[in-house]
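Structure first, then comments.
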Amino acid sequence: MVLFAGFFSPYDPTVQNRELPFAPPVRIHFFDSQNRLHIRPFVYRLIASAANYAHYEEDRSRLYPLRFFVAGGRLLGVDNPAKIFLIGTDAYGRDQFSRFLYGGRISLLAGLCATAVSLGLGIILGAVAGFYGGWLDELIMRTAEIFLVLPSLYLLFAVRAVLPLHIAPSGVFLVLMAVIGAVGWARPARLIRGVILSAKERDFVLAARGFGASDLYLLRRHILPQASSVVLSQAAVLVPAYILAEVILSFFGLGVAEPSASWGNLLANLRQYNVLESYWWMLLPAIALIPVFLAYNTVLSYYKHYSPGPTGQTEFDKDPVTASALESRNRSPN
Amino acid sequence: MACSQWSSLSATDVAKRGGRLVVSQRAEPKTLNTITAIDGSSREIIGLINADLIHINRHSLKTEPGLASSWSVSSDGRVYTLELRRGLKFSDGQPFDAADVLFTFEVYLDERVHAAQRDLLVIAGQPIKVQKVNQYSVRFELAQPYAAAERLFDSIAILPRHLLKQPYDEGRLDRAWNLAVPPKEIAGLGPFRVKEYIAGQRIVLERNPFYWKMDVAGDRLPYLDTIDVEFTGNAEAEAMRFEQGEIDVAGRLSAANFSVLEKHQRDGEFRLFDLGPGLEYNFLFFNLNDLGAALPSIAQRQNWFRQLAFRKAVSEAIDRQAITRLVYQGRARPLSTHVTPGNYLWVNRNIPPEVYSAAKARASLRSAGFSWNRAGQLIDGQRKPVIFSLIFNAGNPQHTQIATLIQNDLQQVGMDVKVVPLEYRSMLDRIFKSYDYEAAILQLASGDADPNAEINVWTSGGGTHVWNLAPKHVLAPWQEEVDRLMRQQMITPDYAQRKHMYDRVQQLVRENLPVICLVSPDVLAGASEKLGNFRPAILSSYILWNAEELYLRR
């Protein structure tokens with residue numbers, strides 16, 4: 001649904017309805033005020049009752065039936081002036097449901113991008129450090145420790161302060177995600193180094209080396225595949241972590257700029273006491289994130305379960321190397 | 001002993017003594033040293049433990065006697081003679097006299113001390129001259145007449161010579177009276193004195209037993225035994241703790257939190273106060289600094305910003321009513337000039353409100369040679385689309401919302417605005433130092449209702465003349481007129497004449513739009529039902545300005 005946000009969302013996520021701030025989720029009716037059943041569900045138009053827009057009432061004088069496949073290539077809609085706000089509106093009267101779908105695009109993309117950067121750097125540096133050892137290992141691991149203690153939030157503040165003002169909001173965001181990703185290479189690199197350190201001493205690796213295999217060939221063919229389950233488990237941890245990083249950034253107002261939507265922006269609304277207190281539907285995007293993360297983890301664990309490993313195992317838990325690496329990850333303060 | 005009765009108290013209740021008042025501060029004070037204190041939290045505490053010679057009554061906005069029981073002005077308006085109250089003691093029991101006043105002004109006027117107060121006390125480039133007449137009389141001489149000069153004495157804390165002379169002579173005054181100093185080494189003439197400070201939690205103030213104000217019954221003030229100032233961290237936490245009854249007074253509530261509290265208001269718990277617009281004004285402005293060869297892309301956009309018709313169109317295209325309704329839940333007023341309706345002595349009521357009209361905005365733009373391309377984008381004479389960035393403080397949720405609304409409003413007339421939330425300090429850096437911005441949203445609030453407090457903003461070369469901080473060009477005729485009027489009103493003693501001049505300044509600001517004024521939020525406060533004599537004001541400190549009169553009902 002997130003991928004096809006343009007089709008599933010009933011409205012443009014940036015359109016403001018200033019007469020409908022904090023409108024509650026629309027009620028979809030089957031029975032009208034005379035208790036007659038309608039086959040086609042319908043909604044009533046919402047009217048702000050008080051001058052301060054604190055309460056809404058349904059205008060029952062006219063029915064607005066739900067329409068499917070409406071103009072603009074959207075799945076669902078109703079005739080103006082009624083609106084179909086499935087999970088209500090925000091402070092500017094923008095449709096929360098459309099914002100959730102469009103926001104998902106950028107948030108998921110951000111999580112994946114940052115993870116790709118982190119893992120890419122982590123694999124290369126971890127492999128080099130583990131395989132060659134010596135001063136190179138020392139250098140990379142000490143650098144990793146510096147990165148681990150770096151206060152990344154302040155680094156991001158600093159990056160935002162020096163970025164030019166004119167890049168598009170999504171551009172700013174991708175830069176920040178790249179920075180988050182680049183800062184986060186240290187932990188996967190340490191894990192991968194550990195795996196490789198033990199893998200390169202295995203008999204079949206030593207045998208291949210004895211037959212004159214080059215370093216690159218050894219790494220590619222025999223050693224790195226050993227690390228694949230660590231990489232996958234890291235991906236499982238990092239993607240949600242980076243989606244949450246986006247949430248934190250937006251919380252500080254430094255994430256995706258208005259008027260674009262992101263999941264972080266939607267959640268940032270909740271830091272206001274009055275929103276949390278008075279408008280329960282603003283919590284729905286937060287609740288919707290839980291099944292998203294669950295689904296993601298399920299997909300990954302299935303993948304891990306059924307993808308055959310290089311030496312024939314199908315379950316990474318049986319691999320002693322990976323198991324010990326995972327254990328060390330659990331012990332490390334995260 | 002001093003037995004002078006406190007005039008303003010005649011109208012208030014005579015109250016029960018004793019009790020502990022719990023108030024909150026969002027940020028911890030940084031110091032108790034009035035010379036180095038620039039943040040609001042520090043100043044609020046300092047205001048409670050110190051007193052000034054002449055005081056502005058936050059309720060009437062007029063001056064009244066403080067440590068000086070009376071004062072006289074020479075006929076040329078340059079010499080002020082202040083008679084000090086006799087028999088007063090600092091909170092450590094040491095006596096107060098003219099020597100303390102002389103010492104205080106010596107410190108503030110000393111350039112090596114870098115006191116923030118110095119700017120106020122330098123008139124026409126000359127520091128005020130202070131002379132002792134006798135033990136209880138001090139003469140202040142100004143380089144030129146200065147309207148309402150007695151207002152300058154407000155909030156100038158009088159310091160104890162016996163405690164601070166030595167640090168001053170040794171050149172370490174700036175390190176004195178920090179929060180690590182034992183409370184007994186700190187003394188003032190205010191209603192309270194420091195009892196205890198616990199970092200990260202609270203500062204406890206106790207009654208100053210030597211305080212000089214009396215109530216109508218002749219009893220010594222203050223009524224309260226202690227004031228606990230709790231550090232709450234942020235506005236949301238403050239509102240929640242106030243609602244739970246953990247703190248007794250909440251000042252500067254946001255409109256959003258105010259509306260929640262209003263909904264939860266039950267009898268006998270707390271009262272809420274909407275004082276109407278205060279002195280704070282929020283505005284949008286464009287970078288009109290002379291950039292020279294630096295920052296060419298901004299300089300290019302300045303060709304739009306410098307056109308009055310462009311700024312006029314922006315002003316007309318902004319829906320101020322929507323801002324007051326959606327951002328402030330109706331608890332704000334749209335502005336057409338920088339003087340808010342709350343400043344009833346000085347606002348020019350003849351200035352008509354700005355009428356929101358995208359059609360008028362389009363007409364203004366067309367008249368200045370702008371047009372629209374097929375995609376509906378606004379383009380200038382060289383067919384360049386009008387795109388600019390708008391910076392604001394990411395930590396200010398109201399400004400975040402205002403920027404989002406303005407972005408949408410200006411989109412209706414074809415302008416593409418990039419909103420850029422910045423961390424507060426990096427935003428100020430761009431505005432005041434690097435000039436690397438195109439447009440910004442800012443708020444200013446004068447410390448006083450008097451126009452002299454605004455001189456820095458409106459005269460060219462003033463420290464907060466934000467849109468053009470160091471003008472090199474020949475000044476526009478209207479700016480020259482504003483400069484002249486602001487200087488002239490400063491030396492005019494008559495209120496009616498000054499008002500006439502300041503009305504004209506407001507009109508010039510409105511006609512030439514160096515800044516586009518948006519809204520002035522209401523001052524919102526809440527207090528526990530058991531708190532007596534609570535009279536919040538639109539001037540800082542909004543809620544504790546009459547701390548000596550506050551009492552708790554049993």
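FYI, nothing fancy with the structure tokens labels: chains A, B, ... in order, residues from 1 per chain, ligands from 1 as they appear.
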Per residue of chain A within 10 Å of chain B, record the nearest atom pair and its distance in Å to one decimal, counting only C-alpha atoms, with rows in chain order and ascending residue number, as CSV.
residue,atom,partner,partner_atom,distance
A:Thr14,CA,B:Asn408,CA,8.7
A:Val15,CA,B:Asn408,CA,8.4
A:Gln16,CA,B:Asn408,CA,7.8
A:Arg18,CA,B:Ala322,CA,7.2
A:Glu19,CA,B:Ala322,CA,9.0
A:Leu20,CA,B:Leu326,CA,9.7
A:Pro21,CA,B:Leu326,CA,7.1
A:Phe22,CA,B:Leu326,CA,9.6
A:Ala51,CA,B:Gly330,CA,8.6
A:Asn52,CA,B:Gln329,CA,6.0
A:Tyr53,CA,B:Gln329,CA,8.1
A:Ala54,CA,B:Gln329,CA,9.0
A:Ala91,CA,B:Leu326,CA,6.7
A:Tyr92,CA,B:Leu326,CA,7.0
A:Gly93,CA,B:Leu326,CA,9.4
A:Phe157,CA,B:Glu423,CA,7.2
A:Ala158,CA,B:Ser426,CA,8.8
A:Arg160,CA,B:Leu422,CA,7.5
A:Ala161,CA,B:Ser426,CA,6.1
A:Val162,CA,B:Ser426,CA,8.9
A:Pro164,CA,B:Asp436,CA,9.1
A:Leu165,CA,B:Ser389,CA,6.4
A:His166,CA,B:Ser389,CA,6.3
A:Ile167,CA,B:Lys418,CA,8.4
A:Ala168,CA,B:Lys418,CA,7.3
A:Pro169,CA,B:Lys418,CA,7.6
A:Val172,CA,B:Val420,CA,9.7
A:Ser250,CA,B:Ala394,CA,9.8
A:Phe251,CA,B:Ala394,CA,9.6
A:Phe252,CA,B:Ala394,CA,6.8
A:Gly253,CA,B:Ala394,CA,5.2
A:Leu254,CA,B:Pro421,CA,6.4
A:Gly255,CA,B:Pro421,CA,9.0
A:Val256,CA,B:Val420,CA,9.6
A:Ala257,CA,B:Val419,CA,6.5
A:Glu258,CA,B:Thr404,CA,6.3
A:Pro259,CA,B:Thr404,CA,6.7
A:Asn269,CA,B:Pro397,CA,9.6
A:Arg271,CA,B:Glu236,CA,8.2
A:Gln272,CA,B:Glu236,CA,6.7
A:Tyr273,CA,B:Glu236,CA,5.6
A:Asn274,CA,B:Val260,CA,5.7
A:Val275,CA,B:Ala256,CA,8.4
A:Glu277,CA,B:Val260,CA,7.6
A:Ser278,CA,B:Val260,CA,7.5
| request: Tell me which protein, DNA and RNA residues are within 8 Å of region 81-90 of chain B, counting only C-alpha atoms, leaving out same-chain ones fewer than 5 positions away, and put them as a list in words. | output: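 The contact residues come out as Met1, Ala2, Leu53, Leu67, Ala68, Ser69, Ser70, Trp71, Ser72, Val73, Pro95, Phe96, Asp97, Ala98, Tyr136, Ser137, Val138, Arg139, Phe140, Pro160, Ala187, Gly188, Leu189, Phe210, Tyr211 and Trp212 of chain B.
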Quick one: everything within 9 Å of Ser41 (chain B), counting only C-alpha atoms, minus sequence neighbours fewer than 6 positions away in the same chain. Send it as a short mmCIF file (atom, residue, chain, number, x, y, z; two decimals) with C-alpha atoms, in the first residue's frame.
data_model
loop_
_atom_site.label_atom_id
_atom_site.label_comp_id
_atom_site.auth_asym_id
_atom_site.auth_seq_id
_atom_site.Cartn_x
_atom_site.Cartn_y
_atom_site.Cartn_z
CA GLN B 25 10.79 27.29 35.49
CA ARG B 26 11.31 25.54 32.19
CA ALA B 27 15.05 26.12 32.22
CA GLU B 28 17.40 26.19 35.16
CA PRO B 29 18.91 29.56 36.05
CA LYS B 30 22.55 29.84 35.03
#
| query | Using only C-alpha atoms, which residues sit within 10 Å of region 230-242 of chain A once same-chain residues fewer than 3 positions away are excluded, as a PyMOL selection string? | reply | chain A and resi 107-116+118-120+122-123+177+180-181+184+187-189+191-192+195+224-227+245-248+289+292-294+296-301+303-304+316+321-323+325-326+329
| Expressed in Å to a single decimal, how great is the separation between CA of Tyr132 (chain A) and CA of Ala186 (chain A)? |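 The value is 17.5 Å.
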